[in-house]
Amino acid sequence: MQYKIYRVFITIAIVLLINTQSFTQPINVVTTAVPFLRISPDARAGGMGNVSVATAPDANAIFYNLAKIPFNTTRSSIALTYTPWLKDVVNDVYMVNMAGYYKLDGVQAASAAVRYFNLGSIAFTDFQGNSLGQGRPRELSIDLGYARKLSDQLSLGITLRYINSSLASGVVNGVSYKPGSAVAGDIASYYSAVDEMGMGWRFGVVLSNLGSKIAYTSNANQKDYIPANLALGASYTHIFQDIHSLSFGIDVNKLLVPAAPTPITGDVIGNNDRLEKYRSQSVVSSWFKALSGTDNMKETQASIGGEYWYNNQFAFRAGYNHAFNVDRRYAAIGAGVKYNAFQLNFSYLIPANTGVVRNPLSNTLRFSLAFDMDEKQK
């Protein structure tokens, strides 16, 4: 019975993402479609509280800061990550990520990545409890990126992204649903001031998921924002006795989506002029609105984390993440081992909240596997 109850809650969450008919109380968080694009997609960053914008580059850089890739020391690499989702609740919801890159020469590189989010099998019902059949909601994104060094220390990267979100299909309560799709892009920059040993400062700035809205119906007025985001990062690495490496980093992320207007009790979304105006504003104007006025702190997150390497073979990580407006916070720990061309990373998220603000990855162990397919090069 408890398992079925949890299924009901998951179903409700999916339905709310695609079409909310009415509401009676204010919502104090900024919501977007396809939120899976903001899930940390690898165990290395996950073990540092999601610090990733300005850390040392690896195969998963396309997810965080594509501009890091030309600074990789191997010509090519590929990585695979498996992330259970809501593991304390269900056992068939997960996300799989695959990423890889190839350095075309000493200054430019190409990269590609795929994200697949499986939300399990869900029994849909109407408001009277009548069965509407079984569904298997799933979401997917495909990335292609190019990055180039502008100097020995500075690089830029551009990513193009296709997004497909299939949450429900068919006619429900008179509304015809369909899979949603959108296109987006990232613009990234990276500055590395490390010396030949790898010691020094790194900085990064990334604008991600800049793209179209997404719709799950044919109603042009019911398109939703995707999670556009501004990320700033800095990290410092110190190497001592040649075999010990210690890095610290900090990231700040600001969701570039404005908060929806506070509803009036009993309002129906289709008749709410303020909500219609919110939905009808252009994507570009919404980015600037999210940075101004009362929205400037909504969905702002800060992460701090550290990584220790012994002899470039064994790694230990820890981090802390805090989302300010909803007071969602958690700690994370991680470890990694590298042997020749293979690297295996683990991370574990320790919750600091309970209830609705508890992170869905709480008490979850996830892992990433990376393989360097070519020799080291500068």
# chains A, B, ... in the order shown; residues from 1 in each chain; ligands from 1
call {"tool": "residues_around", "arguments": {"residues": "Lys178 of chain A", "least_positions_apart": "4", "cutoff": "7 Å", "atoms": "only C-alpha atoms", "output": "JSON, numbers by chain"}}
result
{"A": [168, 169, 170, 216, 217]}
call {"tool": "select_by_dssp", "arguments": {"residues": "segment 105-304 of chain A", "states": "alpha helix (DSSP H)", "output": "PyMOL selection string"}}
result
chain A and resi 273-280+283-290
call {"tool": "residues_around", "arguments": {"residues": "Ala234 of chain A", "least_positions_apart": "5", "cutoff": "9 Å", "atoms": "only C-alpha atoms", "output": "MDAnalysis selection string"}}
result
chainID A and resid 53:55 201:204 248:251
call {"tool": "atom_distance", "arguments": {"atom1": "atom CA of Gln281 of chain A", "atom2": "atom CA of Asn253 of chain A"}}
result
22.8 Å
call {"tool": "closest_residue", "arguments": {"among": "A:Ser286, A:Asn340, A:Thr83, A:Asn97", "to": "Ser362 of chain A", "atoms": "only C-alpha atoms"}}
result
A:Thr83
call {"tool": "atom_distance", "arguments": {"atom1": "atom CA of Leu230 of chain A", "atom2": "atom CA of Ser208 of chain A"}}
result
6.6 Å
call {"tool": "select_by_dssp", "arguments": {"residues": "segment 137-364 of chain A", "states": "strand (DSSP E)", "output": "compact mmCIF listing (two decimals) with N, CA and C atoms, in the first residue's frame"}}
result
# COMPACT_ATOMS: atom_id res chain seq x y z
N ARG A 138 9.33 9.54 -20.00
CA ARG A 138 10.78 9.54 -20.18
C ARG A 138 11.18 10.86 -20.83
N GLU A 139 12.42 11.25 -20.60
CA GLU A 139 12.94 12.50 -21.16
C GLU A 139 14.34 12.26 -21.69
N LEU A 140 14.72 13.04 -22.70
CA LEU A 140 15.99 12.81 -23.39
C LEU A 140 16.55 14.13 -23.87
N SER A 141 17.87 14.25 -23.80
CA SER A 141 18.55 15.38 -24.44
C SER A 141 19.80 14.87 -25.16
N ILE A 142 20.09 15.48 -26.30
CA ILE A 142 21.27 15.14 -27.10
C ILE A 142 22.06 16.41 -27.33
N ASP A 143 23.35 16.38 -26.99
CA ASP A 143 24.21 17.56 -27.08
C ASP A 143 25.33 17.36 -28.09
N LEU A 144 25.64 18.42 -28.81
CA LEU A 144 26.83 18.48 -29.66
C LEU A 144 27.54 19.78 -29.35
N GLY A 145 28.87 19.72 -29.15
CA GLY A 145 29.58 20.92 -28.75
C GLY A 145 30.93 21.08 -29.42
N TYR A 146 31.35 22.34 -29.47
CA TYR A 146 32.67 22.67 -30.03
C TYR A 146 33.32 23.70 -29.11
N ALA A 147 34.58 23.48 -28.78
CA ALA A 147 35.32 24.40 -27.90
C ALA A 147 36.68 24.69 -28.51
N ARG A 148 37.19 25.90 -28.23
CA ARG A 148 38.47 26.32 -28.80
C ARG A 148 39.21 27.22 -27.84
N LYS A 149 40.52 27.00 -27.75
CA LYS A 149 41.38 27.90 -26.98
C LYS A 149 41.59 29.20 -27.75
N LEU A 154 42.79 30.97 -21.98
CA LEU A 154 41.37 31.25 -22.15
C LEU A 154 40.77 30.42 -23.28
N SER A 155 39.54 29.92 -23.04
CA SER A 155 38.84 29.16 -24.08
C SER A 155 37.35 29.47 -24.04
N LEU A 156 36.68 29.21 -25.17
CA LEU A 156 35.24 29.39 -25.29
C LEU A 156 34.63 28.11 -25.85
N GLY A 157 33.37 27.88 -25.53
CA GLY A 157 32.68 26.70 -26.04
C GLY A 157 31.22 26.99 -26.33
N ILE A 158 30.68 26.30 -27.33
CA ILE A 158 29.27 26.43 -27.70
C ILE A 158 28.67 25.03 -27.82
N THR A 159 27.52 24.85 -27.20
CA THR A 159 26.82 23.57 -27.24
C THR A 159 25.42 23.77 -27.82
N LEU A 160 25.02 22.86 -28.71
CA LEU A 160 23.65 22.82 -29.22
C LEU A 160 22.95 21.61 -28.61
N ARG A 161 21.68 21.78 -28.22
CA ARG A 161 20.99 20.74 -27.46
C ARG A 161 19.58 20.51 -28.01
N TYR A 162 19.24 19.25 -28.24
CA TYR A 162 17.86 18.87 -28.58
C TYR A 162 17.24 18.20 -27.36
N ILE A 163 16.02 18.59 -27.02
CA ILE A 163 15.35 18.10 -25.82
C ILE A 163 14.02 17.48 -26.22
N ASN A 164 13.76 16.28 -25.73
CA ASN A 164 12.48 15.62 -25.94
C ASN A 164 11.93 15.14 -24.61
N SER A 165 10.68 15.48 -24.33
CA SER A 165 10.04 15.14 -23.05
C SER A 165 8.71 14.49 -23.31
N SER A 166 8.61 13.19 -23.04
CA SER A 166 7.38 12.44 -23.25
C SER A 166 6.83 12.04 -21.89
N GLY A 170 -2.24 11.19 -25.42
CA GLY A 170 -3.65 10.90 -25.48
C GLY A 170 -4.49 12.04 -24.94
N VAL A 171 -5.77 11.80 -24.80
CA VAL A 171 -6.72 12.80 -24.33
C VAL A 171 -7.08 12.53 -22.88
N VAL A 172 -6.84 13.53 -22.02
CA VAL A 172 -7.14 13.43 -20.59
C VAL A 172 -7.99 14.63 -20.20
N VAL A 175 -8.33 17.30 -22.74
CA VAL A 175 -7.11 17.95 -23.22
C VAL A 175 -6.23 16.91 -23.91
N SER A 176 -5.78 17.20 -25.12
CA SER A 176 -4.94 16.29 -25.88
C SER A 176 -3.47 16.57 -25.59
N TYR A 177 -2.77 15.57 -25.06
CA TYR A 177 -1.36 15.72 -24.70
C TYR A 177 -0.47 15.04 -25.73
N GLY A 180 6.67 16.77 -25.74
CA GLY A 180 7.19 18.11 -25.99
C GLY A 180 8.63 18.06 -26.47
N SER A 181 9.01 19.04 -27.27
CA SER A 181 10.40 19.12 -27.75
C SER A 181 10.84 20.57 -27.77
N ALA A 182 12.14 20.77 -27.64
CA ALA A 182 12.71 22.11 -27.64
C ALA A 182 14.16 22.03 -28.09
N VAL A 183 14.70 23.16 -28.49
CA VAL A 183 16.11 23.27 -28.83
C VAL A 183 16.72 24.36 -27.94
N ALA A 184 17.97 24.17 -27.57
CA ALA A 184 18.64 25.11 -26.68
C ALA A 184 20.13 25.08 -26.94
N GLY A 185 20.84 25.97 -26.28
CA GLY A 185 22.28 26.02 -26.42
C GLY A 185 22.95 26.54 -25.18
N ASP A 186 24.25 26.26 -25.07
CA ASP A 186 25.08 26.77 -23.98
C ASP A 186 26.20 27.63 -24.56
N ILE A 187 26.57 28.66 -23.82
CA ILE A 187 27.75 29.47 -24.13
C ILE A 187 28.65 29.43 -22.91
N ALA A 188 29.88 28.99 -23.07
CA ALA A 188 30.76 28.76 -21.91
C ALA A 188 32.12 29.40 -22.12
N SER A 189 32.72 29.83 -21.02
CA SER A 189 34.09 30.34 -21.05
C SER A 189 34.86 29.77 -19.87
N TYR A 190 36.16 29.66 -20.04
CA TYR A 190 37.01 29.01 -19.03
C TYR A 190 38.38 29.68 -19.06
N TYR A 191 38.87 30.00 -17.89
CA TYR A 191 40.19 30.63 -17.77
C TYR A 191 41.04 29.79 -16.81
N SER A 192 42.16 29.28 -17.30
CA SER A 192 43.03 28.42 -16.50
C SER A 192 44.38 29.09 -16.32
N GLY A 200 47.26 26.17 -9.30
CA GLY A 200 46.85 27.54 -9.55
C GLY A 200 45.34 27.68 -9.61
N TRP A 201 44.89 28.82 -10.16
CA TRP A 201 43.48 29.17 -10.20
C TRP A 201 42.84 28.80 -11.53
N ARG A 202 41.54 28.50 -11.48
CA ARG A 202 40.70 28.31 -12.66
C ARG A 202 39.38 29.06 -12.43
N PHE A 203 38.82 29.62 -13.52
CA PHE A 203 37.56 30.34 -13.43
C PHE A 203 36.66 29.94 -14.60
N GLY A 204 35.35 30.02 -14.40
CA GLY A 204 34.42 29.66 -15.46
C GLY A 204 33.12 30.44 -15.38
N VAL A 205 32.53 30.71 -16.54
CA VAL A 205 31.21 31.35 -16.65
C VAL A 205 30.44 30.60 -17.72
N VAL A 206 29.21 30.20 -17.40
CA VAL A 206 28.40 29.42 -18.34
C VAL A 206 26.97 29.93 -18.35
N LEU A 207 26.44 30.16 -19.55
CA LEU A 207 25.02 30.38 -19.77
C LEU A 207 24.49 29.12 -20.44
N SER A 208 23.57 28.41 -19.78
CA SER A 208 23.12 27.12 -20.30
C SER A 208 21.61 27.08 -20.52
N ASN A 209 21.20 26.18 -21.38
CA ASN A 209 19.78 25.96 -21.71
C ASN A 209 19.09 27.23 -22.19
N LEU A 210 19.78 27.99 -23.02
CA LEU A 210 19.19 29.17 -23.64
C LEU A 210 18.45 28.71 -24.89
N GLY A 211 17.13 28.71 -24.84
CA GLY A 211 16.42 28.18 -25.99
C GLY A 211 14.93 28.41 -25.93
N ASN A 229 20.02 28.94 -17.27
CA ASN A 229 20.79 29.09 -16.04
C ASN A 229 22.08 29.87 -16.28
N LEU A 230 22.45 30.68 -15.30
CA LEU A 230 23.75 31.36 -15.28
C LEU A 230 24.59 30.76 -14.18
N ALA A 231 25.80 30.32 -14.51
CA ALA A 231 26.70 29.70 -13.53
C ALA A 231 28.04 30.40 -13.51
N LEU A 232 28.55 30.68 -12.32
CA LEU A 232 29.87 31.25 -12.12
C LEU A 232 30.66 30.31 -11.21
N GLY A 233 31.93 30.10 -11.53
CA GLY A 233 32.72 29.19 -10.72
C GLY A 233 34.18 29.60 -10.62
N ALA A 234 34.81 29.17 -9.53
CA ALA A 234 36.24 29.39 -9.33
C ALA A 234 36.80 28.22 -8.53
N SER A 235 38.04 27.85 -8.81
CA SER A 235 38.67 26.78 -8.05
C SER A 235 40.18 27.04 -7.95
N TYR A 236 40.78 26.46 -6.93
CA TYR A 236 42.23 26.58 -6.74
C TYR A 236 42.79 25.21 -6.41
N THR A 237 43.91 24.87 -7.04
CA THR A 237 44.57 23.59 -6.82
C THR A 237 45.97 23.81 -6.28
N HIS A 238 46.31 23.07 -5.23
CA HIS A 238 47.65 23.12 -4.66
C HIS A 238 48.25 21.72 -4.71
N ILE A 239 49.48 21.61 -5.18
CA ILE A 239 50.18 20.34 -5.27
C ILE A 239 51.40 20.40 -4.36
N PHE A 240 51.56 19.37 -3.53
CA PHE A 240 52.70 19.34 -2.62
C PHE A 240 53.29 17.94 -2.57
N HIS A 244 50.68 14.67 -3.86
CA HIS A 244 49.45 15.10 -3.21
C HIS A 244 48.88 16.31 -3.95
N SER A 245 47.60 16.24 -4.26
CA SER A 245 46.91 17.34 -4.93
C SER A 245 45.63 17.65 -4.17
N LEU A 246 45.43 18.93 -3.84
CA LEU A 246 44.26 19.35 -3.08
C LEU A 246 43.61 20.53 -3.79
N SER A 247 42.33 20.40 -4.13
CA SER A 247 41.60 21.46 -4.84
C SER A 247 40.37 21.87 -4.05
N PHE A 248 40.06 23.17 -4.11
CA PHE A 248 38.84 23.71 -3.52
C PHE A 248 38.13 24.54 -4.58
N GLY A 249 36.80 24.49 -4.56
CA GLY A 249 36.05 25.25 -5.55
C GLY A 249 34.74 25.77 -5.01
N ILE A 250 34.20 26.77 -5.70
CA ILE A 250 32.90 27.32 -5.36
C ILE A 250 32.15 27.63 -6.65
N ASP A 251 30.86 27.30 -6.69
CA ASP A 251 29.98 27.61 -7.81
C ASP A 251 28.77 28.37 -7.29
N VAL A 252 28.27 29.29 -8.12
CA VAL A 252 27.00 29.96 -7.85
C VAL A 252 26.15 29.82 -9.10
N ASN A 253 24.93 29.28 -8.94
CA ASN A 253 24.01 29.08 -10.05
C ASN A 253 22.75 29.90 -9.85
N LYS A 254 22.33 30.60 -10.90
CA LYS A 254 21.10 31.38 -10.85
C LYS A 254 20.20 30.95 -12.01
N LEU A 255 19.02 30.42 -11.68
CA LEU A 255 18.07 30.01 -12.70
C LEU A 255 17.50 31.25 -13.39
N THR A 300 18.51 30.49 -6.58
CA THR A 300 19.94 30.72 -6.55
C THR A 300 20.57 29.67 -5.64
N GLN A 301 21.58 28.99 -6.15
CA GLN A 301 22.25 27.94 -5.38
C GLN A 301 23.74 28.23 -5.30
N ALA A 302 24.33 27.89 -4.19
CA ALA A 302 25.77 28.00 -4.01
C ALA A 302 26.32 26.64 -3.59
N SER A 303 27.46 26.29 -4.15
CA SER A 303 28.12 25.03 -3.82
C SER A 303 29.57 25.29 -3.46
N ILE A 304 30.04 24.58 -2.46
CA ILE A 304 31.47 24.57 -2.14
C ILE A 304 31.91 23.12 -2.04
N GLY A 305 33.13 22.85 -2.48
CA GLY A 305 33.58 21.47 -2.45
C GLY A 305 35.08 21.36 -2.59
N GLY A 306 35.58 20.19 -2.27
CA GLY A 306 37.01 19.94 -2.36
C GLY A 306 37.30 18.55 -2.90
N GLU A 307 38.51 18.39 -3.43
CA GLU A 307 38.92 17.11 -4.01
C GLU A 307 40.40 16.88 -3.68
N TYR A 308 40.71 15.72 -3.15
CA TYR A 308 42.09 15.34 -2.83
C TYR A 308 42.49 14.14 -3.67
N TRP A 309 43.65 14.23 -4.31
CA TRP A 309 44.18 13.12 -5.08
C TRP A 309 45.52 12.67 -4.46
N TYR A 310 45.68 11.37 -4.33
CA TYR A 310 46.95 10.81 -3.91
C TYR A 310 47.59 10.10 -5.10
N PHE A 314 44.14 7.82 -6.36
CA PHE A 314 43.03 7.70 -5.42
C PHE A 314 42.52 9.09 -5.06
N ALA A 315 41.21 9.28 -5.14
CA ALA A 315 40.61 10.58 -4.88
C ALA A 315 39.57 10.48 -3.77
N PHE A 316 39.49 11.55 -2.97
CA PHE A 316 38.46 11.68 -1.94
C PHE A 316 37.84 13.07 -2.08
N ARG A 317 36.51 13.14 -1.98
CA ARG A 317 35.81 14.41 -2.24
C ARG A 317 34.75 14.68 -1.18
N ALA A 318 34.43 15.95 -1.02
CA ALA A 318 33.35 16.35 -0.12
C ALA A 318 32.84 17.70 -0.58
N GLY A 319 31.56 17.98 -0.30
CA GLY A 319 30.98 19.25 -0.72
C GLY A 319 29.70 19.55 -0.01
N TYR A 320 29.22 20.78 -0.23
CA TYR A 320 27.98 21.24 0.40
C TYR A 320 27.24 22.14 -0.58
N ASN A 321 25.93 21.97 -0.68
CA ASN A 321 25.10 22.72 -1.62
C ASN A 321 23.92 23.32 -0.88
N HIS A 322 23.61 24.59 -1.18
CA HIS A 322 22.50 25.28 -0.52
C HIS A 322 21.70 26.07 -1.55
N ALA A 323 20.40 25.74 -1.67
CA ALA A 323 19.46 26.52 -2.47
C ALA A 323 18.76 27.49 -1.55
N ARG A 328 16.82 24.50 0.66
CA ARG A 328 17.18 23.11 0.42
C ARG A 328 18.68 22.99 0.47
N ARG A 329 19.19 22.12 1.27
CA ARG A 329 20.64 21.98 1.41
C ARG A 329 21.01 20.51 1.64
N TYR A 330 22.23 20.20 1.28
CA TYR A 330 22.72 18.83 1.50
C TYR A 330 24.24 18.83 1.48
N ALA A 331 24.80 17.79 2.06
CA ALA A 331 26.23 17.54 2.01
C ALA A 331 26.46 16.32 1.12
N ALA A 332 27.66 16.21 0.60
CA ALA A 332 27.98 15.09 -0.28
C ALA A 332 29.41 14.65 -0.04
N ILE A 333 29.64 13.38 -0.23
CA ILE A 333 30.98 12.82 -0.16
C ILE A 333 31.20 11.94 -1.39
N GLY A 334 32.44 11.73 -1.74
CA GLY A 334 32.73 10.92 -2.91
C GLY A 334 34.14 10.37 -2.89
N ALA A 335 34.39 9.44 -3.79
CA ALA A 335 35.71 8.84 -3.91
C ALA A 335 35.91 8.43 -5.36
N GLY A 336 37.18 8.26 -5.72
CA GLY A 336 37.49 7.85 -7.08
C GLY A 336 38.79 7.06 -7.11
N VAL A 337 38.90 6.22 -8.11
CA VAL A 337 40.13 5.46 -8.30
C VAL A 337 40.46 5.47 -9.80
N LYS A 338 41.72 5.65 -10.09
CA LYS A 338 42.17 5.71 -11.48
C LYS A 338 43.26 4.67 -11.68
N TYR A 339 43.10 3.86 -12.74
CA TYR A 339 44.09 2.84 -13.06
C TYR A 339 44.32 2.86 -14.56
N PHE A 342 41.49 3.83 -17.08
CA PHE A 342 40.17 3.74 -16.48
C PHE A 342 40.07 4.59 -15.22
N GLN A 343 38.89 5.15 -15.01
CA GLN A 343 38.62 5.88 -13.78
C GLN A 343 37.20 5.58 -13.33
N LEU A 344 37.04 5.25 -12.04
CA LEU A 344 35.74 4.95 -11.47
C LEU A 344 35.48 5.90 -10.31
N ASN A 345 34.34 6.60 -10.34
CA ASN A 345 33.99 7.57 -9.30
C ASN A 345 32.67 7.20 -8.63
N PHE A 346 32.60 7.49 -7.33
CA PHE A 346 31.39 7.26 -6.55
C PHE A 346 31.02 8.55 -5.81
N SER A 347 29.73 8.73 -5.56
CA SER A 347 29.30 9.84 -4.72
C SER A 347 28.08 9.42 -3.91
N TYR A 348 27.91 10.06 -2.76
CA TYR A 348 26.78 9.77 -1.86
C TYR A 348 26.27 11.08 -1.31
N LEU A 349 24.97 11.30 -1.40
CA LEU A 349 24.36 12.55 -0.97
C LEU A 349 23.75 12.38 0.43
N ILE A 350 24.13 13.26 1.34
CA ILE A 350 23.66 13.21 2.72
C ILE A 350 22.65 14.34 2.91
N PRO A 351 21.37 14.03 3.14
CA PRO A 351 20.36 15.09 3.24
C PRO A 351 20.50 15.90 4.52
call {"tool": "residues_around", "arguments": {"residues": "Pro258 of chain A", "least_positions_apart": "5", "cutoff": "8 Å", "atoms": "only C-alpha atoms", "output": "list in words"}}
result
Val30, Ser286, Trp287, Lys289, Ala290 and Asp295 of chain A
call {"tool": "write_last_selection", "arguments": {"atoms": "C-alpha atoms", "output": "PDB file, in the first residue's frame"}}
result
ATOM      1  CA  VAL A  30      10.422  28.724  -9.524  1.00  0.00           C
ATOM      2  CA  SER A 286      12.299  36.348 -19.052  1.00  0.00           C
ATOM      3  CA  TRP A 287      16.060  35.907 -18.590  1.00  0.00           C
ATOM      4  CA  LYS A 289      13.424  39.594 -15.431  1.00  0.00           C
ATOM      5  CA  ALA A 290      14.807  36.656 -13.469  1.00  0.00           C
ATOM      6  CA  ASP A 295      13.161  37.415  -8.532  1.00  0.00           C
TER       7      ASP A 295
END
call {"tool": "decode", "arguments": {"residues": "segment 62-155 of chain A", "atoms": "C-alpha atoms", "output": "JSON list (two decimals), in the first residue's frame"}}
result
[["chain", "number", "residue", "atom", "x", "y", "z"],
["A", 62, "ILE", "CA", 30.08, 19.22, -21.74],
["A", 63, "PHE", "CA", 27.42, 19.00, -19.01],
["A", 64, "TYR", "CA", 28.96, 21.79, -16.92],
["A", 65, "ASN", "CA", 31.38, 23.90, -18.94],
["A", 66, "LEU", "CA", 32.25, 22.81, -22.46],
["A", 67, "ALA", "CA", 35.09, 25.33, -22.65],
["A", 68, "LYS", "CA", 37.15, 23.15, -20.28],
["A", 69, "ILE", "CA", 37.58, 20.38, -22.86],
["A", 70, "PRO", "CA", 40.56, 21.81, -24.83],
["A", 71, "PHE", "CA", 42.52, 21.77, -21.55],
["A", 72, "ASN", "CA", 42.15, 18.00, -21.13],
["A", 73, "THR", "CA", 45.49, 16.21, -21.19],
["A", 74, "THR", "CA", 44.25, 13.19, -23.19],
["A", 75, "ARG", "CA", 43.21, 13.34, -26.82],
["A", 76, "SER", "CA", 39.86, 11.58, -26.29],
["A", 77, "SER", "CA", 37.75, 10.14, -23.50],
["A", 78, "ILE", "CA", 34.28, 8.76, -22.85],
["A", 79, "ALA", "CA", 32.27, 8.58, -19.61],
["A", 80, "LEU", "CA", 29.10, 6.83, -18.46],
["A", 81, "THR", "CA", 27.07, 7.65, -15.32],
["A", 82, "TYR", "CA", 24.12, 5.88, -13.69],
["A", 83, "THR", "CA", 21.99, 7.85, -11.20],
["A", 84, "PRO", "CA", 19.10, 6.27, -9.28],
["A", 85, "TRP", "CA", 16.30, 8.78, -8.65],
["A", 86, "LEU", "CA", 14.02, 8.79, -5.58],
["A", 87, "LYS", "CA", 15.73, 5.58, -4.51],
["A", 88, "ASP", "CA", 14.11, 5.74, -1.06],
["A", 89, "VAL", "CA", 10.70, 5.63, -2.77],
["A", 90, "VAL", "CA", 10.87, 3.59, -6.00],
["A", 91, "ASN", "CA", 13.38, 1.34, -7.73],
["A", 92, "ASP", "CA", 12.74, 1.92, -11.44],
["A", 93, "VAL", "CA", 13.34, 5.66, -11.82],
["A", 94, "TYR", "CA", 16.84, 6.53, -12.99],
["A", 95, "MET", "CA", 18.97, 8.72, -15.22],
["A", 96, "VAL", "CA", 21.77, 7.57, -17.52],
["A", 97, "ASN", "CA", 24.33, 9.96, -19.01],
["A", 98, "MET", "CA", 27.01, 9.36, -21.62],
["A", 99, "ALA", "CA", 29.54, 11.94, -22.73],
["A", 100, "GLY", "CA", 32.74, 12.04, -24.72],
["A", 101, "TYR", "CA", 35.14, 14.35, -26.51],
["A", 102, "TYR", "CA", 37.86, 14.32, -29.14],
["A", 103, "LYS", "CA", 40.63, 16.93, -29.40],
["A", 104, "LEU", "CA", 40.97, 17.87, -33.04],
["A", 105, "ASP", "CA", 44.37, 19.43, -32.34],
["A", 106, "GLY", "CA", 46.10, 21.32, -29.55],
["A", 107, "VAL", "CA", 43.55, 24.15, -29.43],
["A", 108, "GLN", "CA", 40.14, 22.81, -30.43],
["A", 109, "ALA", "CA", 37.89, 19.91, -29.48],
["A", 110, "ALA", "CA", 34.49, 18.42, -30.31],
["A", 111, "SER", "CA", 32.18, 16.80, -27.78],
["A", 112, "ALA", "CA", 28.87, 14.95, -27.64],
["A", 113, "ALA", "CA", 26.57, 13.78, -24.86],
["A", 114, "VAL", "CA", 23.25, 12.06, -24.22],
["A", 115, "ARG", "CA", 21.01, 12.29, -21.13],
["A", 116, "TYR", "CA", 18.17, 9.80, -20.64],
["A", 117, "PHE", "CA", 15.74, 10.11, -17.73],
["A", 118, "ASN", "CA", 13.38, 7.16, -17.16],
["A", 119, "LEU", "CA", 10.50, 7.88, -14.77],
["A", 120, "GLY", "CA", 9.39, 4.26, -14.50],
["A", 121, "SER", "CA", 5.94, 2.81, -15.08],
["A", 122, "ILE", "CA", 3.00, 4.86, -13.82],
["A", 123, "ALA", "CA", -0.72, 4.10, -13.68],
["A", 124, "PHE", "CA", -2.65, 7.23, -14.71],
["A", 125, "THR", "CA", -6.10, 7.98, -13.34],
["A", 126, "ASP", "CA", -8.55, 10.86, -13.67],
["A", 127, "PHE", "CA", -9.82, 12.98, -10.76],
["A", 128, "GLN", "CA", -12.53, 10.39, -10.05],
["A", 129, "GLY", "CA", -10.01, 7.58, -9.78],
["A", 130, "ASN", "CA", -10.91, 5.94, -13.10],
["A", 131, "SER", "CA", -8.02, 4.22, -14.81],
["A", 132, "LEU", "CA", -6.51, 5.96, -17.83],
["A", 133, "GLY", "CA", -4.01, 3.20, -18.53],
["A", 134, "GLN", "CA", -0.29, 2.73, -17.96],
["A", 135, "GLY", "CA", 2.41, 5.13, -19.02],
["A", 136, "ARG", "CA", 6.20, 5.18, -19.14],
["A", 137, "PRO", "CA", 7.26, 8.85, -18.96],
["A", 138, "ARG", "CA", 10.78, 9.54, -20.18],
["A", 139, "GLU", "CA", 12.94, 12.50, -21.16],
["A", 140, "LEU", "CA", 15.99, 12.81, -23.39],
["A", 141, "SER", "CA", 18.55, 15.38, -24.44],
["A", 142, "ILE", "CA", 21.27, 15.14, -27.10],
["A", 143, "ASP", "CA", 24.21, 17.56, -27.08],
["A", 144, "LEU", "CA", 26.83, 18.48, -29.66],
["A", 145, "GLY", "CA", 29.58, 20.92, -28.75],
["A", 146, "TYR", "CA", 32.67, 22.67, -30.03],
["A", 147, "ALA", "CA", 35.32, 24.40, -27.90],
["A", 148, "ARG", "CA", 38.47, 26.32, -28.80],
["A", 149, "LYS", "CA", 41.38, 27.90, -26.98],
["A", 150, "LEU", "CA", 41.73, 31.61, -27.66],
["A", 151, "SER", "CA", 45.05, 31.69, -25.83],
["A", 152, "ASP", "CA", 47.11, 29.44, -23.57],
["A", 153, "GLN", "CA", 44.78, 30.33, -20.69],
["A", 154, "LEU", "CA", 41.37, 31.25, -22.15],
["A", 155, "SER", "CA", 38.84, 29.16, -24.08]]
